[in-house]
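What follows is work17.txt (compact mmCIF, N, CA and C atoms).
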# COMPACT_ATOMS: atom_id res chain seq x y z
N MET S 1 -3.40 -12.61 10.67
CA MET S 1 -3.24 -11.62 9.63
C MET S 1 -2.77 -12.34 8.35
N GLU S 2 -3.59 -12.31 7.35
CA GLU S 2 -3.34 -12.99 6.08
C GLU S 2 -2.06 -12.47 5.40
N PHE S 3 -1.77 -11.21 5.58
CA PHE S 3 -0.64 -10.55 4.95
C PHE S 3 0.69 -11.14 5.40
N MET S 4 0.76 -11.68 6.64
CA MET S 4 2.03 -12.17 7.20
C MET S 4 2.63 -13.32 6.40
N LYS S 5 1.80 -14.10 5.74
CA LYS S 5 2.34 -15.24 4.99
C LYS S 5 3.27 -14.79 3.86
N TYR S 6 3.16 -13.54 3.46
CA TYR S 6 4.02 -13.01 2.40
C TYR S 6 5.29 -12.35 2.96
N LEU S 7 5.45 -12.39 4.27
CA LEU S 7 6.57 -11.71 4.92
C LEU S 7 7.58 -12.69 5.52
N LYS S 8 7.65 -13.85 4.95
CA LYS S 8 8.51 -14.92 5.49
C LYS S 8 9.95 -14.48 5.66
N TYR S 9 10.49 -13.74 4.72
CA TYR S 9 11.89 -13.31 4.75
C TYR S 9 12.04 -11.81 4.99
N PHE S 10 10.96 -11.17 5.42
CA PHE S 10 10.99 -9.72 5.61
C PHE S 10 12.11 -9.28 6.54
N ASN S 11 12.29 -10.00 7.66
CA ASN S 11 13.32 -9.61 8.62
C ASN S 11 14.70 -9.59 7.98
N GLN S 12 15.00 -10.59 7.18
CA GLN S 12 16.31 -10.66 6.52
C GLN S 12 16.46 -9.57 5.45
N GLN S 13 15.38 -9.35 4.69
CA GLN S 13 15.42 -8.34 3.63
C GLN S 13 15.60 -6.95 4.21
N LEU S 14 14.86 -6.67 5.30
CA LEU S 14 14.96 -5.35 5.93
C LEU S 14 16.38 -5.13 6.46
N ARG S 15 16.91 -6.09 7.15
CA ARG S 15 18.26 -5.98 7.70
C ARG S 15 19.28 -5.77 6.58
N SER S 16 19.12 -6.52 5.50
CA SER S 16 20.05 -6.44 4.38
C SER S 16 20.03 -5.06 3.72
N ILE S 17 18.84 -4.56 3.42
CA ILE S 17 18.75 -3.26 2.74
C ILE S 17 19.19 -2.14 3.68
N ARG S 18 18.88 -2.29 4.97
CA ARG S 18 19.28 -1.28 5.94
C ARG S 18 20.81 -1.17 6.00
N LYS S 19 21.46 -2.32 6.04
CA LYS S 19 22.93 -2.31 6.12
C LYS S 19 23.56 -1.84 4.81
N SER S 20 23.00 -2.27 3.67
CA SER S 20 23.58 -1.86 2.39
C SER S 20 23.44 -0.37 2.13
N LYS S 21 22.38 0.23 2.68
CA LYS S 21 22.18 1.68 2.51
C LYS S 21 22.70 2.47 3.70
N LYS S 22 23.38 1.75 4.62
CA LYS S 22 23.98 2.38 5.81
C LYS S 22 22.94 3.14 6.62
N LEU S 23 21.80 2.51 6.84
CA LEU S 23 20.73 3.09 7.66
C LEU S 23 20.73 2.43 9.03
N THR S 24 20.31 3.17 10.03
CA THR S 24 20.19 2.60 11.37
C THR S 24 18.76 2.14 11.58
N GLN S 25 18.56 1.38 12.64
CA GLN S 25 17.20 0.98 13.00
C GLN S 25 16.38 2.22 13.35
N GLN S 26 17.03 3.22 13.89
CA GLN S 26 16.34 4.47 14.20
C GLN S 26 15.88 5.16 12.91
N ASP S 27 16.70 5.12 11.86
CA ASP S 27 16.30 5.68 10.56
C ASP S 27 15.04 4.98 10.05
N ILE S 28 15.04 3.65 10.11
CA ILE S 28 13.89 2.88 9.64
C ILE S 28 12.65 3.22 10.46
N GLY S 29 12.82 3.32 11.78
CA GLY S 29 11.72 3.71 12.65
C GLY S 29 11.17 5.07 12.27
N GLY S 30 12.05 5.99 11.91
CA GLY S 30 11.61 7.32 11.48
C GLY S 30 10.84 7.28 10.17
N PHE S 31 11.26 6.43 9.25
CA PHE S 31 10.55 6.29 7.97
C PHE S 31 9.11 5.83 8.20
N CYS S 32 8.95 4.90 9.15
CA CYS S 32 7.64 4.25 9.36
C CYS S 32 6.89 4.80 10.57
N LEU S 33 7.48 5.78 11.23
CA LEU S 33 6.88 6.39 12.42
C LEU S 33 6.60 5.35 13.51
N VAL S 34 7.59 4.49 13.75
CA VAL S 34 7.50 3.49 14.81
C VAL S 34 8.74 3.59 15.69
N ASP S 35 8.64 3.04 16.88
CA ASP S 35 9.75 3.03 17.83
C ASP S 35 10.84 2.07 17.36
N ILE S 36 12.06 2.33 17.78
CA ILE S 36 13.19 1.47 17.40
C ILE S 36 12.97 0.03 17.85
N SER S 37 12.27 -0.17 18.97
CA SER S 37 12.01 -1.53 19.45
C SER S 37 11.14 -2.32 18.47
N VAL S 38 10.28 -1.62 17.74
CA VAL S 38 9.46 -2.27 16.73
C VAL S 38 10.34 -2.73 15.57
N VAL S 39 11.27 -1.89 15.16
CA VAL S 39 12.18 -2.25 14.07
C VAL S 39 13.04 -3.44 14.50
N GLU S 40 13.49 -3.43 15.75
CA GLU S 40 14.26 -4.56 16.28
C GLU S 40 13.44 -5.85 16.19
N ALA S 41 12.16 -5.77 16.53
CA ALA S 41 11.28 -6.95 16.46
C ALA S 41 11.04 -7.37 15.01
N TRP S 42 10.97 -6.42 14.08
CA TRP S 42 10.82 -6.76 12.66
C TRP S 42 12.02 -7.54 12.17
N GLU S 43 13.21 -7.17 12.63
CA GLU S 43 14.44 -7.79 12.16
C GLU S 43 14.84 -9.04 12.96
N SER S 44 14.11 -9.35 13.98
CA SER S 44 14.48 -10.45 14.87
C SER S 44 14.54 -11.79 14.13
N ASP S 45 15.58 -12.58 14.46
CA ASP S 45 15.68 -13.93 13.93
C ASP S 45 14.87 -14.91 14.76
N ASN S 46 14.53 -14.51 15.97
CA ASN S 46 13.73 -15.35 16.87
C ASN S 46 12.25 -15.20 16.50
N ILE S 47 11.68 -16.27 15.99
CA ILE S 47 10.28 -16.24 15.52
C ILE S 47 9.31 -15.86 16.63
N ASP S 48 9.66 -16.20 17.88
CA ASP S 48 8.78 -15.90 19.01
C ASP S 48 8.75 -14.42 19.36
N SER S 49 9.83 -13.71 19.08
CA SER S 49 9.85 -12.28 19.41
C SER S 49 9.67 -11.39 18.18
N ARG S 50 9.57 -12.00 17.01
CA ARG S 50 9.42 -11.24 15.77
C ARG S 50 7.99 -10.72 15.64
N CYS S 51 7.87 -9.53 15.13
CA CYS S 51 6.55 -9.01 14.76
C CYS S 51 6.64 -8.54 13.31
N TYR S 52 5.51 -8.22 12.73
CA TYR S 52 5.47 -7.91 11.31
C TYR S 52 4.90 -6.51 11.09
N PRO S 53 5.36 -5.85 10.05
CA PRO S 53 4.88 -4.50 9.74
C PRO S 53 3.50 -4.54 9.10
N THR S 54 2.84 -3.41 9.13
CA THR S 54 1.59 -3.27 8.39
C THR S 54 1.94 -3.03 6.92
N LEU S 55 0.95 -3.13 6.07
CA LEU S 55 1.19 -2.84 4.66
C LEU S 55 1.63 -1.39 4.48
N ASP S 56 1.06 -0.48 5.27
CA ASP S 56 1.49 0.93 5.21
C ASP S 56 2.96 1.07 5.53
N ASN S 57 3.43 0.32 6.56
CA ASN S 57 4.85 0.36 6.91
C ASN S 57 5.71 -0.12 5.75
N VAL S 58 5.29 -1.21 5.12
CA VAL S 58 6.07 -1.77 4.00
C VAL S 58 6.11 -0.78 2.84
N LEU S 59 4.98 -0.13 2.56
CA LEU S 59 4.95 0.86 1.49
C LEU S 59 5.86 2.05 1.82
N ASP S 60 5.85 2.49 3.08
CA ASP S 60 6.76 3.55 3.50
C ASP S 60 8.21 3.15 3.24
N LEU S 61 8.55 1.91 3.59
CA LEU S 61 9.91 1.42 3.37
C LEU S 61 10.26 1.42 1.89
N CYS S 62 9.31 1.02 1.05
CA CYS S 62 9.56 1.02 -0.40
C CYS S 62 9.86 2.42 -0.90
N PHE S 63 9.04 3.38 -0.51
CA PHE S 63 9.25 4.75 -0.97
C PHE S 63 10.53 5.35 -0.42
N LYS S 64 10.84 5.09 0.84
CA LYS S 64 12.01 5.71 1.47
C LYS S 64 13.33 5.05 1.07
N THR S 65 13.30 3.76 0.74
CA THR S 65 14.54 3.08 0.37
C THR S 65 14.70 2.92 -1.13
N GLY S 66 13.63 3.17 -1.89
CA GLY S 66 13.70 3.02 -3.34
C GLY S 66 13.58 1.58 -3.80
N MET S 67 13.18 0.69 -2.90
CA MET S 67 13.04 -0.72 -3.25
C MET S 67 11.62 -0.99 -3.72
N THR S 68 11.48 -2.03 -4.54
CA THR S 68 10.15 -2.42 -5.01
C THR S 68 9.44 -3.24 -3.93
N LEU S 69 8.15 -3.31 -4.03
CA LEU S 69 7.34 -4.05 -3.05
C LEU S 69 7.74 -5.52 -3.01
N ASP S 70 8.05 -6.08 -4.16
CA ASP S 70 8.40 -7.51 -4.16
C ASP S 70 9.77 -7.79 -3.55
N TYR S 71 10.54 -6.77 -3.22
CA TYR S 71 11.78 -6.98 -2.48
C TYR S 71 11.46 -7.41 -1.05
N PHE S 72 10.45 -6.79 -0.46
CA PHE S 72 10.09 -7.06 0.93
C PHE S 72 9.04 -8.17 1.08
N ILE S 73 8.22 -8.34 0.07
CA ILE S 73 7.09 -9.28 0.15
C ILE S 73 7.29 -10.40 -0.86
N GLN S 74 7.06 -11.62 -0.42
CA GLN S 74 7.18 -12.77 -1.31
C GLN S 74 5.79 -13.09 -1.87
N PHE S 75 5.54 -12.66 -3.09
CA PHE S 75 4.27 -12.92 -3.75
C PHE S 75 4.28 -14.32 -4.35
N PRO S 76 3.10 -14.91 -4.50
CA PRO S 76 3.05 -16.19 -5.21
C PRO S 76 3.59 -16.00 -6.63
N ASN S 77 4.15 -17.04 -7.21
CA ASN S 77 4.73 -16.96 -8.54
C ASN S 77 3.68 -16.51 -9.55
N GLN S 78 3.93 -15.36 -10.17
CA GLN S 78 3.00 -14.82 -11.16
C GLN S 78 3.71 -14.55 -12.48
N GLY S 79 4.65 -15.41 -12.81
CA GLY S 79 5.35 -15.24 -14.08
C GLY S 79 6.31 -14.07 -14.03
N ASP S 80 6.24 -13.22 -15.02
CA ASP S 80 7.17 -12.11 -15.13
C ASP S 80 6.68 -10.82 -14.48
N VAL S 81 5.58 -10.87 -13.74
CA VAL S 81 5.06 -9.67 -13.10
C VAL S 81 6.00 -9.29 -11.97
N LYS S 82 6.63 -8.13 -12.10
CA LYS S 82 7.62 -7.69 -11.12
C LYS S 82 7.08 -6.66 -10.14
N GLN S 83 6.00 -5.99 -10.47
CA GLN S 83 5.50 -4.89 -9.66
C GLN S 83 3.99 -4.93 -9.64
N LEU S 84 3.39 -4.53 -8.52
CA LEU S 84 1.95 -4.40 -8.49
C LEU S 84 1.54 -3.28 -9.44
N ASN S 85 0.44 -3.44 -10.11
CA ASN S 85 -0.04 -2.42 -11.02
C ASN S 85 -0.96 -1.49 -10.26
N LEU S 86 -0.44 -0.36 -9.82
CA LEU S 86 -1.23 0.64 -9.11
C LEU S 86 -1.63 1.70 -10.12
N PRO S 87 -2.93 1.98 -10.24
CA PRO S 87 -3.36 2.96 -11.24
C PRO S 87 -2.73 4.33 -10.98
N GLY S 88 -2.13 4.88 -12.02
CA GLY S 88 -1.55 6.20 -11.91
C GLY S 88 -0.16 6.24 -11.34
N LEU S 89 0.39 5.10 -10.94
CA LEU S 89 1.71 5.11 -10.33
C LEU S 89 2.62 4.15 -11.07
N ALA S 90 3.57 4.70 -11.77
CA ALA S 90 4.54 3.88 -12.49
C ALA S 90 5.90 4.14 -11.89
N PHE S 91 6.54 3.11 -11.39
CA PHE S 91 7.85 3.28 -10.78
C PHE S 91 8.90 3.38 -11.86
N SER S 92 9.88 4.20 -11.59
CA SER S 92 10.99 4.35 -12.54
C SER S 92 12.29 4.34 -11.76
N GLU S 93 13.38 4.36 -12.47
CA GLU S 93 14.69 4.37 -11.82
C GLU S 93 15.05 5.76 -11.30
N GLU S 94 14.30 6.76 -11.71
CA GLU S 94 14.58 8.12 -11.27
C GLU S 94 14.24 8.27 -9.80
N VAL S 95 15.00 9.14 -9.11
CA VAL S 95 14.77 9.39 -7.69
C VAL S 95 13.48 10.19 -7.50
N ASP S 96 13.19 11.11 -8.39
CA ASP S 96 12.03 11.98 -8.26
C ASP S 96 10.79 11.31 -8.83
N LEU S 97 9.88 10.97 -7.95
CA LEU S 97 8.64 10.32 -8.38
C LEU S 97 7.47 11.30 -8.41
N SER S 98 7.77 12.59 -8.41
CA SER S 98 6.72 13.59 -8.31
C SER S 98 5.70 13.50 -9.45
N GLU S 99 6.15 13.22 -10.67
CA GLU S 99 5.21 13.11 -11.79
C GLU S 99 4.27 11.92 -11.60
N SER S 100 4.81 10.79 -11.15
CA SER S 100 3.98 9.62 -10.91
C SER S 100 2.99 9.88 -9.79
N LEU S 101 3.46 10.53 -8.72
CA LEU S 101 2.57 10.83 -7.60
C LEU S 101 1.50 11.85 -8.00
N LYS S 102 1.88 12.80 -8.86
CA LYS S 102 0.91 13.79 -9.34
C LYS S 102 -0.18 13.08 -10.16
N HIS S 103 0.24 12.15 -11.01
CA HIS S 103 -0.72 11.39 -11.82
C HIS S 103 -1.62 10.54 -10.93
N LEU S 104 -1.05 9.91 -9.90
CA LEU S 104 -1.84 9.12 -8.97
C LEU S 104 -2.87 10.01 -8.27
N ASP S 105 -2.46 11.19 -7.84
CA ASP S 105 -3.38 12.12 -7.19
C ASP S 105 -4.53 12.51 -8.13
N GLU S 106 -4.20 12.74 -9.40
CA GLU S 106 -5.24 13.07 -10.38
C GLU S 106 -6.23 11.91 -10.55
N GLU S 107 -5.70 10.68 -10.58
CA GLU S 107 -6.57 9.51 -10.71
C GLU S 107 -7.48 9.36 -9.50
N ILE S 108 -6.94 9.59 -8.33
CA ILE S 108 -7.75 9.51 -7.11
C ILE S 108 -8.84 10.57 -7.14
N GLU S 109 -8.48 11.80 -7.50
CA GLU S 109 -9.47 12.89 -7.59
C GLU S 109 -10.58 12.56 -8.59
N ARG S 110 -10.19 11.91 -9.68
CA ARG S 110 -11.18 11.55 -10.71
C ARG S 110 -12.18 10.53 -10.17
N LEU S 111 -11.72 9.68 -9.26
CA LEU S 111 -12.57 8.62 -8.74
C LEU S 111 -13.44 9.04 -7.56
N ILE S 112 -13.11 10.15 -6.93
CA ILE S 112 -13.91 10.62 -5.80
C ILE S 112 -15.21 11.20 -6.34
N PRO S 113 -16.34 10.73 -5.79
CA PRO S 113 -17.63 11.22 -6.29
C PRO S 113 -17.83 12.71 -6.01
N SER S 114 -18.50 13.38 -6.95
CA SER S 114 -18.82 14.80 -6.76
C SER S 114 -19.88 14.93 -5.68
N ASP S 115 -20.15 16.16 -5.27
CA ASP S 115 -21.19 16.40 -4.26
C ASP S 115 -22.55 15.89 -4.75
N ASP S 116 -22.86 16.14 -6.04
CA ASP S 116 -24.13 15.68 -6.60
C ASP S 116 -24.22 14.15 -6.58
N GLU S 117 -23.11 13.49 -6.93
CA GLU S 117 -23.09 12.02 -6.92
C GLU S 117 -23.24 11.48 -5.50
N GLN S 118 -22.63 12.13 -4.54
CA GLN S 118 -22.75 11.70 -3.15
C GLN S 118 -24.19 11.87 -2.65
N GLU S 119 -24.80 12.98 -3.02
CA GLU S 119 -26.19 13.23 -2.61
C GLU S 119 -27.12 12.20 -3.25
N LEU S 120 -26.90 11.89 -4.51
CA LEU S 120 -27.70 10.88 -5.19
C LEU S 120 -27.57 9.52 -4.50
N LEU S 121 -26.37 9.16 -4.14
CA LEU S 121 -26.13 7.89 -3.46
C LEU S 121 -26.83 7.87 -2.09
N LYS S 122 -26.75 8.97 -1.35
CA LYS S 122 -27.43 9.05 -0.05
C LYS S 122 -28.94 8.85 -0.22
N ARG S 123 -29.51 9.52 -1.18
CA ARG S 123 -30.96 9.40 -1.40
C ARG S 123 -31.33 7.99 -1.86
N TYR S 124 -30.51 7.40 -2.71
CA TYR S 124 -30.77 6.03 -3.15
C TYR S 124 -30.77 5.08 -1.96
N ARG S 125 -29.79 5.22 -1.09
CA ARG S 125 -29.69 4.33 0.07
C ARG S 125 -30.86 4.49 1.03
N LYS S 126 -31.44 5.70 1.09
CA LYS S 126 -32.58 5.95 1.98
C LYS S 126 -33.91 5.50 1.37
N SER S 127 -33.90 5.21 0.08
CA SER S 127 -35.14 4.82 -0.62
C SER S 127 -35.58 3.42 -0.22
N ASP S 128 -36.90 3.19 -0.36
CA ASP S 128 -37.40 1.83 -0.13
C ASP S 128 -37.09 0.98 -1.37
N GLU S 129 -37.33 -0.30 -1.29
CA GLU S 129 -36.97 -1.22 -2.36
C GLU S 129 -37.67 -0.88 -3.69
N GLN S 130 -38.92 -0.47 -3.62
CA GLN S 130 -39.67 -0.15 -4.84
C GLN S 130 -39.03 1.05 -5.55
N ASN S 131 -38.67 2.09 -4.80
CA ASN S 131 -38.05 3.27 -5.41
C ASN S 131 -36.65 2.94 -5.95
N LYS S 132 -35.93 2.08 -5.24
CA LYS S 132 -34.61 1.67 -5.73
C LYS S 132 -34.75 0.97 -7.08
N GLU S 133 -35.75 0.12 -7.20
CA GLU S 133 -35.98 -0.59 -8.45
C GLU S 133 -36.31 0.39 -9.58
N LEU S 134 -37.14 1.40 -9.28
CA LEU S 134 -37.49 2.41 -10.28
C LEU S 134 -36.25 3.20 -10.73
N ILE S 135 -35.40 3.56 -9.75
CA ILE S 135 -34.19 4.30 -10.08
C ILE S 135 -33.30 3.48 -11.00
N LEU S 136 -33.12 2.21 -10.69
CA LEU S 136 -32.29 1.34 -11.51
C LEU S 136 -32.87 1.18 -12.91
N GLN S 137 -34.19 1.11 -13.02
CA GLN S 137 -34.83 1.02 -14.34
C GLN S 137 -34.59 2.28 -15.14
N LEU S 138 -34.67 3.45 -14.48
CA LEU S 138 -34.43 4.73 -15.16
C LEU S 138 -32.97 4.80 -15.65
N MET S 139 -32.06 4.30 -14.86
CA MET S 139 -30.64 4.34 -15.23
C MET S 139 -30.33 3.39 -16.38
N ALA S 140 -31.09 2.33 -16.52
CA ALA S 140 -30.85 1.33 -17.56
C ALA S 140 -31.29 1.83 -18.93
N THR S 141 -32.13 2.83 -18.97
CA THR S 141 -32.62 3.32 -20.28
C THR S 141 -31.72 4.33 -20.88

In structure tokens, write the structure found in this file.
Amino acid sequence: MEFMKYLKYFNQQLRSIRKSKKLTQQDIGGFCLVDISVVEAWESDNIDSRCYPTLDNVLDLCFKTGMTLDYFIQFPNQGDVKQLNLPGLAFSEEVDLSESLKHLDEEIERLIPSDDEQELLKRYRKSDEQNKELILQLMAT
């Protein structure tokens, strides 16, 4: 898993934030919908018994603990970039992220193809090469 190379200190970071926020391993398991034994393995100092979370798990931890993604993941040095740039989602110090999530939802809705666009794509994919070429020529004009 390519993602694991960025989780070198994840076990230490998770343990640290869990203790500073007075959370139990059971709390963390509830955030990520995993068993407590999985959280124990995430926090393990023994490399042979350690396992790593999925990206979804890490994102859940970010949202539930209020920490940024780069707290849990060690990204290659990218200068002053502190946060991933997710379209429609701007993190703030406020606890309520509803406006950001609403904007993200609007952006996602904008990107989902309409029924007409989906039908056009289906027909394009079913076309032979000659018809595909004609369609592309029509779109270029």

In Å to one decimal, how far is CA of Cys32 in chain S from CA of Asn57 in chain S?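 Straight-line distance from CA of Asn57 in chain S to CA of Cys32 in chain S works out to 5.4 Å.
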
Point-to-point distance from CA of Tyr9 in chain S to atom C of Ile47 in chain S, Å rounded to tenths: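 Value for the CA of Tyr9 in chain S-atom C of Ile47 in chain S distance: 12.4 Å.
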
Residues of chain S in helix (DSSP H, G or I), written as a PyMOL selection string: chain S and resi 2-6+10-20+25-32+36-43+55-65+69-72+98-111+115-126+129-140

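Interatomic distance, atom C of Glu129 in chain S against atom N of Asp116 in chain S: 22.7 Å.
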
Non-local contacts of Ile17 in chain S (8 Å; only N, CA and C atoms; under 6 positions in same chain excluded) as a list in words: Asn11, Leu23 and Thr65 of chain S

Distance query 8 Å from (16.3, -6.0, -2.6) using only N, CA and C atoms, result as a PyMOL selection string: chain S and resi 13+16-17+67-68+70-72

Kindly provide, as number ranges by chain, the polymer residues lying within 12 Å of (14.9, 7.6, 12.9), counting only C-alpha atoms and using the coordinates exactly as they appear in the file. S: 23-39, 64

Near Asp45 in chain S, counting only C-alpha atoms, which residues have an atom at most 12 Å away, once you skip same-chain residues fewer than 5 positions from it, shown as a list in words?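 Contacts, with the query itself left out: Lys8, Tyr9, Phe10, Asn11, Gln12, Gln13, Leu14, Arg15, Glu40, Arg50 and Cys51 of chain S.
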
Starting from 5 Å padding per side, set up an axis-aligned box that covers all listed atoms of range 68-74 of chain S and hand over centre and edge lengths in Å, one decimal, as AutoDock Vina command-line options.
--center_x 8.8 --center_y -7.6 --center_z -2.0 --size_x 16.0 --size_y 21.1 --size_z 16.1

Written record: range 102-133 of chain S, N, CA and C atoms, as a compact mmCIF listing (two decimals), in the first residue's frame:
# COMPACT_ATOMS: atom_id res chain seq x y z
N LYS S 102 -21.44 22.25 3.13
CA LYS S 102 -22.52 22.59 2.21
C LYS S 102 -21.93 23.00 0.86
N HIS S 103 -20.87 23.81 0.90
CA HIS S 103 -20.21 24.23 -0.33
C HIS S 103 -19.60 23.04 -1.07
N LEU S 104 -18.99 22.12 -0.33
CA LEU S 104 -18.43 20.91 -0.93
C LEU S 104 -19.53 20.10 -1.60
N ASP S 105 -20.66 19.95 -0.94
CA ASP S 105 -21.79 19.22 -1.51
C ASP S 105 -22.28 19.87 -2.80
N GLU S 106 -22.33 21.20 -2.81
CA GLU S 106 -22.74 21.93 -4.02
C GLU S 106 -21.75 21.69 -5.17
N GLU S 107 -20.45 21.68 -4.84
CA GLU S 107 -19.43 21.43 -5.86
C GLU S 107 -19.55 20.02 -6.42
N ILE S 108 -19.80 19.06 -5.55
CA ILE S 108 -19.96 17.68 -6.00
C ILE S 108 -21.18 17.57 -6.91
N GLU S 109 -22.29 18.17 -6.50
CA GLU S 109 -23.52 18.15 -7.31
C GLU S 109 -23.28 18.77 -8.69
N ARG S 110 -22.49 19.84 -8.71
CA ARG S 110 -22.20 20.52 -9.97
C ARG S 110 -21.41 19.62 -10.92
N LEU S 111 -20.59 18.75 -10.35
CA LEU S 111 -19.73 17.89 -11.16
C LEU S 111 -20.40 16.60 -11.61
N ILE S 112 -21.49 16.23 -10.97
CA ILE S 112 -22.19 15.00 -11.36
C ILE S 112 -22.92 15.26 -12.67
N PRO S 113 -22.70 14.39 -13.66
CA PRO S 113 -23.35 14.60 -14.96
C PRO S 113 -24.87 14.47 -14.87
N SER S 114 -25.55 15.29 -15.67
CA SER S 114 -27.02 15.22 -15.73
C SER S 114 -27.42 13.93 -16.44
N ASP S 115 -28.71 13.63 -16.42
CA ASP S 115 -29.21 12.43 -17.10
C ASP S 115 -28.89 12.48 -18.59
N ASP S 116 -29.08 13.68 -19.21
CA ASP S 116 -28.78 13.83 -20.64
C ASP S 116 -27.29 13.58 -20.92
N GLU S 117 -26.43 14.11 -20.04
CA GLU S 117 -24.99 13.91 -20.23
C GLU S 117 -24.61 12.45 -20.05
N GLN S 118 -25.24 11.76 -19.12
CA GLN S 118 -24.96 10.34 -18.92
C GLN S 118 -25.41 9.52 -20.13
N GLU S 119 -26.57 9.87 -20.66
CA GLU S 119 -27.08 9.16 -21.84
C GLU S 119 -26.17 9.39 -23.04
N LEU S 120 -25.71 10.61 -23.21
CA LEU S 120 -24.78 10.93 -24.30
C LEU S 120 -23.49 10.12 -24.17
N LEU S 121 -22.97 10.04 -22.97
CA LEU S 121 -21.75 9.27 -22.74
C LEU S 121 -21.97 7.79 -23.03
N LYS S 122 -23.11 7.24 -22.61
CA LYS S 122 -23.42 5.83 -22.89
C LYS S 122 -23.45 5.58 -24.39
N ARG S 123 -24.12 6.45 -25.11
CA ARG S 123 -24.22 6.27 -26.57
C ARG S 123 -22.86 6.43 -27.24
N TYR S 124 -22.06 7.37 -26.77
CA TYR S 124 -20.72 7.55 -27.32
C TYR S 124 -19.90 6.29 -27.13
N ARG S 125 -19.95 5.72 -25.94
CA ARG S 125 -19.17 4.51 -25.65
C ARG S 125 -19.61 3.32 -26.47
N LYS S 126 -20.90 3.27 -26.85
CA LYS S 126 -21.41 2.16 -27.66
C LYS S 126 -21.13 2.35 -29.15
N SER S 127 -20.73 3.55 -29.54
CA SER S 127 -20.49 3.85 -30.96
C SER S 127 -19.22 3.17 -31.46
N ASP S 128 -19.20 2.93 -32.78
CA ASP S 128 -17.98 2.41 -33.38
C ASP S 128 -16.98 3.56 -33.54
N GLU S 129 -15.77 3.25 -33.92
CA GLU S 129 -14.70 4.25 -34.00
C GLU S 129 -15.03 5.39 -34.98
N GLN S 130 -15.65 5.05 -36.09
CA GLN S 130 -15.98 6.08 -37.09
C GLN S 130 -16.99 7.08 -36.52
N ASN S 131 -18.01 6.59 -35.83
CA ASN S 131 -19.01 7.49 -35.24
C ASN S 131 -18.40 8.31 -34.10
N LYS S 132 -17.51 7.71 -33.34
CA LYS S 132 -16.84 8.46 -32.28
C LYS S 132 -16.05 9.63 -32.87
N GLU S 133 -15.38 9.37 -33.97
CA GLU S 133 -14.60 10.41 -34.62
C GLU S 133 -15.51 11.54 -35.12
